[in-house]
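These notes concern the structure reproduced below.
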Amino acid sequence: MAKLPIAFAALLALVPVATSTPFPPFNTNSGLNKVAKSKGKLYFGTATDNIYLGDKPYVKILSNNNEFGQITPSNTMKWETIEPVRGTFNFTGGDEIVALAKRNRQLVRGHTCVWHSQLAPWVEAGKFDNSTLQSIIKDHTTKLVRHHKGDIYAWDVVNEAFNEDGTLRETVFLNTIGPSYIELAFRAARAADPRAKLYINDYNIDGLGDKSTGVYNLVKDFKRRGVPIDGVGLQAHLILGQIPTTIKENIQKFASLGVEVALTELDIRMELPVTPEKLKQQRKDYEAVISACSAVPACVGVTIWDLTDKYSWVPGWFEGEGAALPWDENLEKKPAYYGIVDGLNKWRWF
Ligand code: 9MR
């Protein structure tokens, strides 16, 4: 009996004190999806592109269900690929990703039905009138979503529809049809696959701000009028050392409308070259973003925008920047990986 306090003290010593220590310890290396699921999330996922699927070591990580429980095709479900010519549909690339996900028992997020970018040129060039363009959106969305019926967890039905000030972006869709093009797409998607979750997806809506408020008001209006919508996708293309401080509050605010939320395209870019300090900061930044999702049950999952710096979109778009993902160009895990683990481990278990 006299030994009990000593045993108790020894037990206490095992309890982690520093918040960055992953706990329970046995979760540390079990894989991002495994940890996410053990914390009540639906998935941890990644984007991928068909052009990389010949890279065997890469595909091995991508296909590891312990790391990734969800994948998003980063390009091959976009309009320019799916319907390059009016009425001619090409589902090959998307089908390949869906088949891979099925083999690996992974969910798929469909990306994306209606977007002004990577749009087939004929949609603008045709200078269609309002009712013709409405039927074009309806037809495109219906055929895409119906083709994958039963295989897609969630669709980014409309992508990047907002300006920074929260107003709607001027696109061929808005200019020809008006704001109702958005609900038209959502209604078509719901009819085509009633069980798929329907998301509005955008960047720079990760923290509170004018743009988030614009999206919030749209979701609120849809809910009030019974227009189908199930989720808000926060893309989360972020910058080292500049993580918005209100991500958690923002997620909670969307959740209060009765929708789920997901981080759909997470990456945290830095100015090159990489230094140990920057990698340390990136670990902290990943942890901060992921913990915001961990803290809110309505945040169902996180998707990184590919897994390795080798295949990130960042260097091609931002000169002198890169190294945005948790695996480096040699497919080695970076400190960021453990930042994700720490973020996931916070703090749903008591
Ligand atoms: O990852 C995609 C990249 O390969 C394409 O070149 C690029 C073209 O727009 O789109 C990238 O993905 C984008 C996503 O579809 C929407 N949000 C921003 C992403 C990064 O640009």
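Here, A, B, ... name the chains of the structure tokens in the order displayed, residue numbers run from 1 inside each chain, and ligands are numbered from 1 in the same displayed order.
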List all protein, DNA and RNA residues that have an atom no more than 9 Å from any atom of ligand 1, counting only C-alpha atoms and all ligand atoms, and report them as a PyMOL selection string. chain A and resi 47-49+73-75+78+111-112+115+117-118+159-160+201-203+235+237+264-265+305-306+311-314+316-317
Within 8 Å of region 253-257 of chain A, which residues of region 184-226 of chain A show up? Give each one with its shortest atom-to-atom distance in Å (one decimal) and the two atoms involved, counting only C-alpha atoms, rows by chain then rising residue number, as a Markdown table.
| residue | atom | partner | partner_atom | distance |
| --- | --- | --- | --- | --- |
| A:Tyr216 | CA | A:Phe254 | CA | 6.4 |
| A:Val219 | CA | A:Leu257 | CA | 7.5 |
| A:Lys220 | CA | A:Leu257 | CA | 6.4 |
| A:Lys223 | CA | A:Leu257 | CA | 7.6 |
Residues from the last selection, C-alpha atoms, saved as a short mmCIF file (atom, residue, chain, number, x, y, z; two decimals), in the first residue's frame:
data_model
loop_
_atom_site.label_atom_id
_atom_site.label_comp_id
_atom_site.auth_asym_id
_atom_site.auth_seq_id
_atom_site.Cartn_x
_atom_site.Cartn_y
_atom_site.Cartn_z
CA TYR A 216 -22.27 32.83 -44.65
CA VAL A 219 -25.72 29.61 -46.87
CA LYS A 220 -28.16 31.30 -44.51
CA LYS A 223 -31.20 27.28 -45.60
#
Could you give me, as a PyMOL selection string, the residues within 10 Å of region 293-296 of chain A, counting only C-alpha atoms and dropping anything in the same chain fewer than 6 positions from it? chain A and resi 36+39-41+247-249+251-252+255+260-263+302+343-348
Extract, using only C-alpha atoms, all DNA, RNA and protein residues at most 9 Å from Lys197 (chain A), discarding same-chain residues fewer than 6 positions from it, and format them as number ranges by chain. A: 152-156, 190, 229-231
Go through region 99-146 of chain A and flag each residue having an atom no more than 10 Å from region 60-72 of chain A; for those, report the closest pair of atoms plus their distance in Å to one decimal, using only C-alpha atoms, ordered by chain and rising number, as CSV.
residue,atom,partner,partner_atom,distance
A:Leu100,CA,A:Ser63,CA,7.8
A:Ala101,CA,A:Ile71,CA,6.8
A:Arg103,CA,A:Ser63,CA,8.5
A:Asn104,CA,A:Ser63,CA,5.8
A:Arg105,CA,A:Asn65,CA,7.0
A:Gln106,CA,A:Gly69,CA,4.6
A:Leu107,CA,A:Gln70,CA,4.3
A:Val108,CA,A:Ile71,CA,5.1
A:Arg109,CA,A:Thr72,CA,5.0
A:Gly110,CA,A:Thr72,CA,6.4
A:His111,CA,A:Thr72,CA,6.8
A:Thr112,CA,A:Thr72,CA,9.9
Could you write out the selected residues, including N, CA, C and O atoms, as a PDB file, in the first residue's frame?
ATOM      1  N   LEU A 100      -9.337   4.118 -58.029  1.00  0.00           N
ATOM      2  CA  LEU A 100      -8.221   4.024 -57.084  1.00  0.00           C
ATOM      3  C   LEU A 100      -8.734   4.145 -55.645  1.00  0.00           C
ATOM      4  O   LEU A 100      -8.361   3.358 -54.762  1.00  0.00           O
ATOM      5  N   ALA A 101      -9.610   5.114 -55.446  1.00  0.00           N
ATOM      6  CA  ALA A 101     -10.160   5.330 -54.099  1.00  0.00           C
ATOM      7  C   ALA A 101     -10.951   4.113 -53.624  1.00  0.00           C
ATOM      8  O   ALA A 101     -10.866   3.716 -52.463  1.00  0.00           O
ATOM      9  N   ARG A 103     -10.508   1.000 -54.516  1.00  0.00           N
ATOM     10  CA  ARG A 103      -9.547  -0.059 -54.166  1.00  0.00           C
ATOM     11  C   ARG A 103      -8.949   0.180 -52.785  1.00  0.00           C
ATOM     12  O   ARG A 103      -8.694  -0.747 -52.041  1.00  0.00           O
ATOM     13  N   ASN A 104      -8.720   1.458 -52.478  1.00  0.00           N
ATOM     14  CA  ASN A 104      -8.069   1.795 -51.202  1.00  0.00           C
ATOM     15  C   ASN A 104      -9.059   2.060 -50.064  1.00  0.00           C
ATOM     16  O   ASN A 104      -8.652   2.471 -48.990  1.00  0.00           O
ATOM     17  N   ARG A 105     -10.332   1.871 -50.335  1.00  0.00           N
ATOM     18  CA  ARG A 105     -11.392   2.190 -49.359  1.00  0.00           C
ATOM     19  C   ARG A 105     -11.274   3.642 -48.873  1.00  0.00           C
ATOM     20  O   ARG A 105     -11.217   3.933 -47.699  1.00  0.00           O
ATOM     21  N   GLN A 106     -11.230   4.545 -49.846  1.00  0.00           N
ATOM     22  CA  GLN A 106     -11.139   5.976 -49.539  1.00  0.00           C
ATOM     23  C   GLN A 106     -12.379   6.695 -50.063  1.00  0.00           C
ATOM     24  O   GLN A 106     -12.932   6.309 -51.096  1.00  0.00           O
ATOM     25  N   LEU A 107     -12.793   7.726 -49.346  1.00  0.00           N
ATOM     26  CA  LEU A 107     -13.884   8.566 -49.825  1.00  0.00           C
ATOM     27  C   LEU A 107     -13.352   9.461 -50.951  1.00  0.00           C
ATOM     28  O   LEU A 107     -12.149   9.702 -51.044  1.00  0.00           O
ATOM     29  N   VAL A 108     -14.268   9.968 -51.767  1.00  0.00           N
ATOM     30  CA  VAL A 108     -13.866  10.913 -52.809  1.00  0.00           C
ATOM     31  C   VAL A 108     -14.652  12.209 -52.659  1.00  0.00           C
ATOM     32  O   VAL A 108     -15.861  12.188 -52.419  1.00  0.00           O
ATOM     33  N   ARG A 109     -13.937  13.339 -52.755  1.00  0.00           N
ATOM     34  CA  ARG A 109     -14.607  14.631 -52.880  1.00  0.00           C
ATOM     35  C   ARG A 109     -14.572  15.003 -54.366  1.00  0.00           C
ATOM     36  O   ARG A 109     -13.516  14.989 -54.996  1.00  0.00           O
ATOM     37  N   GLY A 110     -15.722  15.332 -54.903  1.00  0.00           N
ATOM     38  CA  GLY A 110     -15.807  15.714 -56.315  1.00  0.00           C
ATOM     39  C   GLY A 110     -15.515  17.199 -56.473  1.00  0.00           C
ATOM     40  O   GLY A 110     -16.055  18.030 -55.748  1.00  0.00           O
ATOM     41  N   HIS A 111     -14.649  17.523 -57.429  1.00  0.00           N
ATOM     42  CA  HIS A 111     -14.176  18.905 -57.576  1.00  0.00           C
ATOM     43  C   HIS A 111     -14.014  19.199 -59.052  1.00  0.00           C
ATOM     44  O   HIS A 111     -13.116  18.639 -59.647  1.00  0.00           O
ATOM     45  N   THR A 112     -14.834  19.981 -59.640  1.00  0.00           N
ATOM     46  CA  THR A 112     -15.920  20.801 -59.157  1.00  0.00           C
ATOM     47  C   THR A 112     -16.914  20.983 -60.299  1.00  0.00           C
ATOM     48  O   THR A 112     -16.504  20.925 -61.460  1.00  0.00           O
TER      49      THR A 112
END
